[in-house]
file work.pdb (PDB, C-alpha atoms)
MODEL        1
ATOM      1  CA  MET A   1      88.647 111.198  82.269
ATOM      2  CA  LYS A   2      90.494 112.661  79.324
ATOM      3  CA  THR A   3      93.872 111.126  78.445
ATOM      4  CA  SER A   4      96.656 113.412  77.224
ATOM      5  CA  THR A   5      99.324 112.548  74.676
ATOM      6  CA  CYS A   6     102.967 112.794  75.732
ATOM      7  CA  ASP A   7     105.340 115.245  74.161
ATOM      8  CA  SER A   8     109.077 114.463  74.173
ATOM      9  CA  TRP A   9     109.670 116.052  77.588
ATOM     10  CA  ASP A  10     106.732 114.241  79.186
ATOM     11  CA  ALA A  11     107.969 110.928  77.773
ATOM     12  CA  ARG A  12     111.493 111.502  79.126
ATOM     13  CA  PHE A  13     110.221 112.314  82.613
ATOM     14  CA  PHE A  14     107.834 109.332  82.688
ATOM     15  CA  ALA A  15     110.721 107.074  81.644
ATOM     16  CA  MET A  16     112.805 108.659  84.406
ATOM     17  CA  ALA A  17     110.006 108.010  86.924
ATOM     18  CA  ASP A  18     110.078 104.343  85.887
ATOM     19  CA  LEU A  19     113.854 104.244  86.360
ATOM     20  CA  VAL A  20     113.563 105.843  89.810
ATOM     21  CA  ALA A  21     110.756 103.371  90.651
ATOM     22  CA  SER A  22     113.171 100.513  90.010
ATOM     23  CA  TRP A  23     115.111 101.654  93.109
ATOM     24  CA  SER A  24     112.069 100.989  95.323
ATOM     25  CA  GLU A  25     112.733  99.086  98.517
ATOM     26  CA  ASP A  26     109.110  97.938  98.566
ATOM     27  CA  PRO A  27     109.062  94.463  97.003
ATOM     28  CA  SER A  28     105.361  94.683  96.097
ATOM     29  CA  ARG A  29     105.067  98.199  94.645
ATOM     30  CA  LYS A  30     107.499 100.047  92.378
ATOM     31  CA  VAL A  31     106.560 103.733  92.287
ATOM     32  CA  GLY A  32     108.749 106.624  91.175
ATOM     33  CA  ALA A  33     108.222 110.386  91.132
ATOM     34  CA  VAL A  34     110.173 113.148  89.407
ATOM     35  CA  ILE A  35     109.706 116.844  90.155
ATOM     36  CA  VAL A  36     110.631 119.184  87.333
ATOM     37  CA  GLY A  37     111.089 122.958  87.277
ATOM     38  CA  GLY A  38     109.789 125.439  84.716
ATOM     39  CA  ALA A  39     112.833 125.056  82.440
ATOM     40  CA  ASN A  40     112.456 121.241  82.331
ATOM     41  CA  GLN A  41     115.211 120.757  84.893
ATOM     42  CA  VAL A  42     114.910 117.871  87.353
ATOM     43  CA  VAL A  43     114.767 119.274  90.882
ATOM     44  CA  SER A  44     113.947 116.111  92.841
ATOM     45  CA  THR A  45     113.172 112.417  92.640
ATOM     46  CA  GLY A  46     111.590 109.924  95.003
ATOM     47  CA  TYR A  47     110.706 106.249  95.210
ATOM     48  CA  ASN A  48     108.888 103.995  97.663
ATOM     49  CA  GLY A  49     111.383 103.376 100.415
ATOM     50  CA  LEU A  50     112.295 103.365 104.037
ATOM     51  CA  PRO A  51     113.151 106.638 105.782
ATOM     52  CA  ARG A  52     116.714 107.866 105.361
ATOM     53  CA  GLY A  53     119.084 105.863 107.582
ATOM     54  CA  VAL A  54     116.572 103.091 108.366
ATOM     55  CA  SER A  55     117.825  99.602 107.478
ATOM     56  CA  ASP A  56     116.203  97.496 104.781
ATOM     57  CA  GLN A  57     117.832  94.386 106.282
ATOM     58  CA  HIS A  58     114.668  93.476 108.205
ATOM     59  CA  PRO A  59     112.295  91.688 105.779
ATOM     60  CA  GLU A  60     109.474  91.777 108.328
ATOM     61  CA  ARG A  61     109.304  95.564 107.846
ATOM     62  CA  LEU A  62     108.373  95.044 104.204
ATOM     63  CA  SER A  63     105.532  92.579 104.822
ATOM     64  CA  ARG A  64     102.309  93.312 103.039
ATOM     65  CA  ASP A  65     100.516  90.416 104.777
ATOM     66  CA  ASP A  66     100.578  91.905 108.275
ATOM     67  CA  GLY A  67     100.571  95.520 107.052
ATOM     68  CA  ALA A  68     104.045  96.339 108.399
ATOM     69  CA  LYS A  69     105.129  97.920 105.126
ATOM     70  CA  TYR A  70     102.398 100.549 105.484
ATOM     71  CA  LEU A  71     104.057 101.682 108.715
ATOM     72  CA  TRP A  72     107.645 101.633 107.437
ATOM     73  CA  ILE A  73     107.587 102.576 103.728
ATOM     74  CA  GLU A  74     107.289 106.184 102.557
ATOM     75  CA  HIS A  75     105.617 106.804  99.204
ATOM     76  CA  ALA A  76     107.545 108.061  96.187
ATOM     77  CA  GLU A  77     105.613 111.320  95.875
ATOM     78  CA  ARG A  78     106.299 112.394  99.456
ATOM     79  CA  ASN A  79     109.919 111.256  99.217
ATOM     80  CA  ALA A  80     110.364 113.488  96.168
ATOM     81  CA  LEU A  81     108.801 116.402  98.077
ATOM     82  CA  TYR A  82     110.989 115.747 101.150
ATOM     83  CA  ASN A  83     114.111 115.543  98.971
ATOM     84  CA  MET A  84     113.182 118.850  97.341
ATOM     85  CA  LEU A  85     112.677 120.436 100.772
ATOM     86  CA  ARG A  86     115.960 118.981 102.023
ATOM     87  CA  ALA A  87     117.753 120.579  99.062
ATOM     88  CA  GLY A  88     116.068 123.939  99.710
ATOM     89  CA  VAL A  89     114.309 124.027  96.335
ATOM     90  CA  SER A  90     111.058 125.947  95.892
ATOM     91  CA  SER A  91     108.040 124.195  94.382
ATOM     92  CA  LYS A  92     107.097 127.347  92.480
ATOM     93  CA  GLU A  93     106.433 126.526  88.810
ATOM     94  CA  CYS A  94     107.211 122.845  89.411
ATOM     95  CA  ARG A  95     105.342 119.855  88.088
ATOM     96  CA  MET A  96     105.424 116.270  89.293
ATOM     97  CA  TYR A  97     105.565 113.146  87.151
ATOM     98  CA  CYS A  98     104.545 109.917  88.827
ATOM     99  CA  ASN A  99     104.298 106.427  87.359
ATOM    100  CA  SER A 100     101.285 105.650  89.562
ATOM    101  CA  PHE A 101      98.318 107.810  90.496
ATOM    102  CA  PRO A 102      98.874 109.212  94.026
ATOM    103  CA  CYS A 103      96.920 108.103  97.078
ATOM    104  CA  ALA A 104      94.942 110.674  99.088
ATOM    105  CA  ASP A 105      97.806 111.091 101.587
ATOM    106  CA  CYS A 106     100.326 111.937  98.864
ATOM    107  CA  SER A 107      97.748 114.135  97.130
ATOM    108  CA  ARG A 108      97.420 116.243 100.283
ATOM    109  CA  ALA A 109     101.208 116.608 100.358
ATOM    110  CA  ILE A 110     101.284 117.626  96.680
ATOM    111  CA  VAL A 111      98.616 120.278  97.274
ATOM    112  CA  GLN A 112     100.256 121.564 100.472
ATOM    113  CA  SER A 113     103.706 121.772  98.852
ATOM    114  CA  GLY A 114     102.462 124.087  96.129
ATOM    115  CA  ILE A 115     103.034 121.754  93.178
ATOM    116  CA  GLY A 116     100.561 123.095  90.633
ATOM    117  CA  ASP A 117     100.829 120.467  87.901
ATOM    118  CA  LEU A 118     100.649 116.678  88.251
ATOM    119  CA  ARG A 119     101.272 114.354  85.324
ATOM    120  CA  THR A 120     100.514 110.706  85.907
ATOM    121  CA  TYR A 121      98.724 107.674  84.545
ATOM    122  CA  SER A 122      94.960 107.267  84.672
ATOM    123  CA  PRO A 123      93.903 105.729  87.986
ATOM    124  CA  ASP A 124      92.077 102.432  88.310
ATOM    125  CA  MET A 125      88.956 103.661  90.077
ATOM    126  CA  THR A 126      87.898 100.049  90.749
ATOM    127  CA  ASP A 127      91.072  99.245  92.739
ATOM    128  CA  GLN A 128      89.947  97.669  96.038
ATOM    129  CA  LYS A 129      92.557  99.386  98.216
ATOM    130  CA  TYR A 130      93.036 102.730  96.462
ATOM    131  CA  GLY A 131      89.858 103.413  94.427
ATOM    132  CA  LYS A 132      88.423 105.633  97.172
ATOM    133  CA  HIS A 133      91.811 107.373  97.563
ATOM    134  CA  PHE A 134      91.809 108.173  93.844
ATOM    135  CA  ARG A 135      88.307 109.688  93.949
ATOM    136  CA  VAL A 136      89.223 111.848  96.945
ATOM    137  CA  ALA A 137      92.525 112.849  95.320
ATOM    138  CA  LEU A 138      90.816 113.964  92.107
ATOM    139  CA  ASP A 139      88.312 116.046  94.091
ATOM    140  CA  MET A 140      91.115 117.533  96.190
ATOM    141  CA  PHE A 141      93.213 118.455  93.150
ATOM    142  CA  GLU A 142      90.236 120.064  91.429
ATOM    143  CA  GLU A 143      89.273 122.141  94.485
ATOM    144  CA  ALA A 144      92.886 123.179  95.129
ATOM    145  CA  GLY A 145      93.511 124.157  91.513
ATOM    146  CA  VAL A 146      96.201 121.546  90.799
ATOM    147  CA  GLU A 147      96.216 120.771  87.090
ATOM    148  CA  VAL A 148      96.146 117.000  86.582
ATOM    149  CA  ARG A 149      97.087 115.546  83.217
ATOM    150  CA  LEU A 150      96.432 111.848  82.779
ATOM    151  CA  TYR A 151      98.340 109.668  80.332
ATOM    152  CA  SER A 152      98.144 106.122  79.011
ATOM    153  CA  ARG A 153     100.797 103.589  79.989
ATOM    154  CA  GLN A 154     100.865 102.571  76.324
ATOM    155  CA  ASP A 155     101.986 105.995  75.076
ATOM    156  CA  GLU A 156     104.088 105.675  71.917
ATOM    157  CA  LYS A 157     106.506 108.484  72.913
ATOM    158  CA  ILE A 158     107.379 106.788  76.211
ATOM    159  CA  ASP A 159     108.091 103.543  74.350
ATOM    160  CA  GLN A 160     110.366 105.491  71.953
ATOM    161  CA  VAL A 161     112.321 107.031  74.843
ATOM    162  CA  ILE A 162     112.798 103.636  76.492
ATOM    163  CA  LYS A 163     113.944 102.145  73.155
ATOM    164  CA  SER A 164     116.388 105.058  72.739
ATOM    165  CA  LEU A 165     117.795 104.349  76.183
ATOM    166  CA  SER A 166     118.221 100.697  75.288
ATOM    167  CA  ASP A 167     119.904 101.664  71.996
ATOM    168  CA  ALA A 168     122.247 104.077  73.803
ATOM    169  CA  ARG A 169     123.427 101.247  76.047
ATOM    170  CA  GLN A 170     124.621  99.154  73.075
ATOM    171  CA  SER A 171     128.422  99.144  72.901
ATOM    172  CA  GLN A 172     128.522  99.467  69.095
ATOM    173  CA  ASN A 173     126.876 102.915  69.121
ATOM    174  CA  ASN A 174     130.007 104.673  70.400
ATOM    175  CA  PHE A 175     128.049 106.672  73.001
ATOM    176  CA  PHE A 176     130.090 104.947  75.700
ATOM    177  CA  ARG A 177     133.847 104.532  75.423
TER
ENDMDL
END
call {"tool": "encode", "arguments": {"input": "work.pdb", "output": "structure tokens"}}
result
Amino acid sequence: MKTSTCDSWDARFFAMADLVASWSEDPSRKVGAVIVGGANQVVSTGYNGLPRGVSDQHPERLSRDDGAKYLWIEHAERNALYNMLRAGVSSKECRMYCNSFPCADCSRAIVQSGIGDLRTYSPDMTDQKYGKHFRVALDMFEEAGVEVRLYSRQDEKIDQVIKSLSDARQSQNNFFR
């Protein structure tokens, strides 16, 4: 699989996906997704979390050991799509950035929603739980005509954006008053 190099916009949206992932209610998996329109405007975000209005005050719902979390937690990619739908935004000319390669379930949702461009990190095809999902997802995207661009987690541009964010948060830079 060919790995692409980030441009400045890609790096910003991957950094944003990481920020959104930090909001995840799933203690064992921090995934974030950002959907962007044709003019590089953010139209939706999503993270791994419980459905809207469902309490996170029940730790047993988040258990990986008994599989409860797989019944309660919605994936970041689908949450971003649902949030876009809820806001009445069209997926036409949109692309999705995700800080983790999507499972087959989320891949179906991406295809069905009309997202034509997915930008994410290279999948670990040897992953015990999701390796088969990744193979199916890649086949599905290819057949459906979804352009998939894969990136390295060690991309220099992403590191620069994250450093810039850290620099901007320093009180001596006068960005914040």
call {"tool": "atom_distance", "arguments": {"input": "work.pdb", "atom1": "atom CA of A:Asn48", "atom2": "atom CA of A:Glu25"}}
result
6.3 Å
call {"tool": "residues_around", "arguments": {"input": "work.pdb", "residues": "A:Ser100", "least_positions_apart": "2", "cutoff": "8 Å", "atoms": "only C-alpha atoms", "output": "PyMOL selection string"}}
result
chain A and resi 31-32+98+102+120-121+123
call {"tool": "residues_around", "arguments": {"input": "work.pdb", "residues": "A:Gly49", "least_positions_apart": "3", "cutoff": "8 Å", "atoms": "all atoms listed in the file", "output": "list in words"}}
result
Ser24, Glu25, Asp26, Ile73, Glu74, His75 and Ala76 of chain A
call {"tool": "residues_around", "arguments": {"input": "work.pdb", "residues": "A:Gly131", "least_positions_apart": "5", "cutoff": "12 Å", "atoms": "all atoms listed in the file", "output": "number ranges by chain"}}
result
A: 101-104, 122-126, 136-138
call {"tool": "residues_around", "arguments": {"input": "work.pdb", "residues": "A:Ser4", "least_positions_apart": "5", "cutoff": "12 Å", "atoms": "only C-alpha atoms", "output": "ChimeraX atom specification"}}
result
/A:10-11,119-122,148-157
call {"tool": "atom_distance", "arguments": {"input": "work.pdb", "atom1": "atom CA of A:Ser107", "atom2": "atom CA of A:Ser63"}}
result
24.2 Å
call {"tool": "resolve_selection", "arguments": {"input": "work.pdb", "expression": "the PyMOL selection byres ((chain A and resi 81-87) around 10)", "output": "list of chain:residue names"}}
result
A:Ala33, A:Val34, A:Ile35, A:Val43, A:Ser44, A:Thr45, A:Gly46, A:Ala76, A:Glu77, A:Arg78, A:Asn79, A:Ala80, A:Gly88, A:Val89, A:Ser90, A:Ser91, A:Met96, A:Cys106, A:Ala109, A:Ile110, A:Ser113, A:Ile115
call {"tool": "atom_distance", "arguments": {"input": "work.pdb", "atom1": "atom CA of A:Leu118", "atom2": "atom CA of A:Arg95"}}
result
5.7 Å
call {"tool": "closest_residue", "arguments": {"input": "work.pdb", "among": "A:Gln128, A:Val146, A:Trp72, A:Tyr47", "to": "A:Leu19", "atoms": "only C-alpha atoms"}}
result
A:Tyr47
call {"tool": "resolve_selection", "arguments": {"input": "work.pdb", "expression": "the PyMOL selection byres ((chain A and resi 161-167) around 10)", "output": "PyMOL selection string"}}
result
chain A and resi 8-9+11-16+18-19+156-160+168-173+175
call {"tool": "write_last_selection", "arguments": {"input": "work.pdb", "atoms": "C-alpha atoms", "output": "mmCIF file, in the frame of the given file"}}
result
data_model
loop_
_atom_site.group_PDB
_atom_site.id
_atom_site.type_symbol
_atom_site.label_atom_id
_atom_site.label_comp_id
_atom_site.auth_asym_id
_atom_site.auth_seq_id
_atom_site.Cartn_x
_atom_site.Cartn_y
_atom_site.Cartn_z
ATOM 1 C CA SER A 8 109.077 114.463 74.173
ATOM 2 C CA TRP A 9 109.670 116.052 77.588
ATOM 3 C CA ALA A 11 107.969 110.928 77.773
ATOM 4 C CA ARG A 12 111.493 111.502 79.126
ATOM 5 C CA PHE A 13 110.221 112.314 82.613
ATOM 6 C CA PHE A 14 107.834 109.332 82.688
ATOM 7 C CA ALA A 15 110.721 107.074 81.644
ATOM 8 C CA MET A 16 112.805 108.659 84.406
ATOM 9 C CA ASP A 18 110.078 104.343 85.887
ATOM 10 C CA LEU A 19 113.854 104.244 86.360
ATOM 11 C CA GLU A 156 104.088 105.675 71.917
ATOM 12 C CA LYS A 157 106.506 108.484 72.913
ATOM 13 C CA ILE A 158 107.379 106.788 76.211
ATOM 14 C CA ASP A 159 108.091 103.543 74.350
ATOM 15 C CA GLN A 160 110.366 105.491 71.953
ATOM 16 C CA ALA A 168 122.247 104.077 73.803
ATOM 17 C CA ARG A 169 123.427 101.247 76.047
ATOM 18 C CA GLN A 170 124.621 99.154 73.075
ATOM 19 C CA SER A 171 128.422 99.144 72.901
ATOM 20 C CA GLN A 172 128.522 99.467 69.095
ATOM 21 C CA ASN A 173 126.876 102.915 69.121
ATOM 22 C CA PHE A 175 128.049 106.672 73.001
#
call {"tool": "resolve_selection", "arguments": {"input": "work.pdb", "expression": "the PyMOL selection byres ((chain A and resi 60) around 12)", "output": "list in words"}}
result
Asp26, Pro27, Ser55, Asp56, Gln57, His58, Pro59, Arg61, Leu62, Ser63, Arg64, Asp65, Asp66, Gly67, Ala68, Lys69, Tyr70, Leu71, Trp72 and Ile73 of chain A
call {"tool": "axis_aligned_box", "arguments": {"input": "work.pdb", "around": "stretch 27-31 of chain A", "padding_each_side": "5 Å", "output": "lines of an AutoDock Vina configuration file"}}
result
center_x = 107.1
center_y = 99.1
center_z = 94.6
size_x = 14.0
size_y = 19.3
size_z = 14.7
call {"tool": "closest_residue", "arguments": {"input": "work.pdb", "among": "A:Asn99, A:Arg52, A:Lys92, A:Arg135", "to": "A:Ser22", "atoms": "all atoms listed in the file"}}
result
A:Asn99
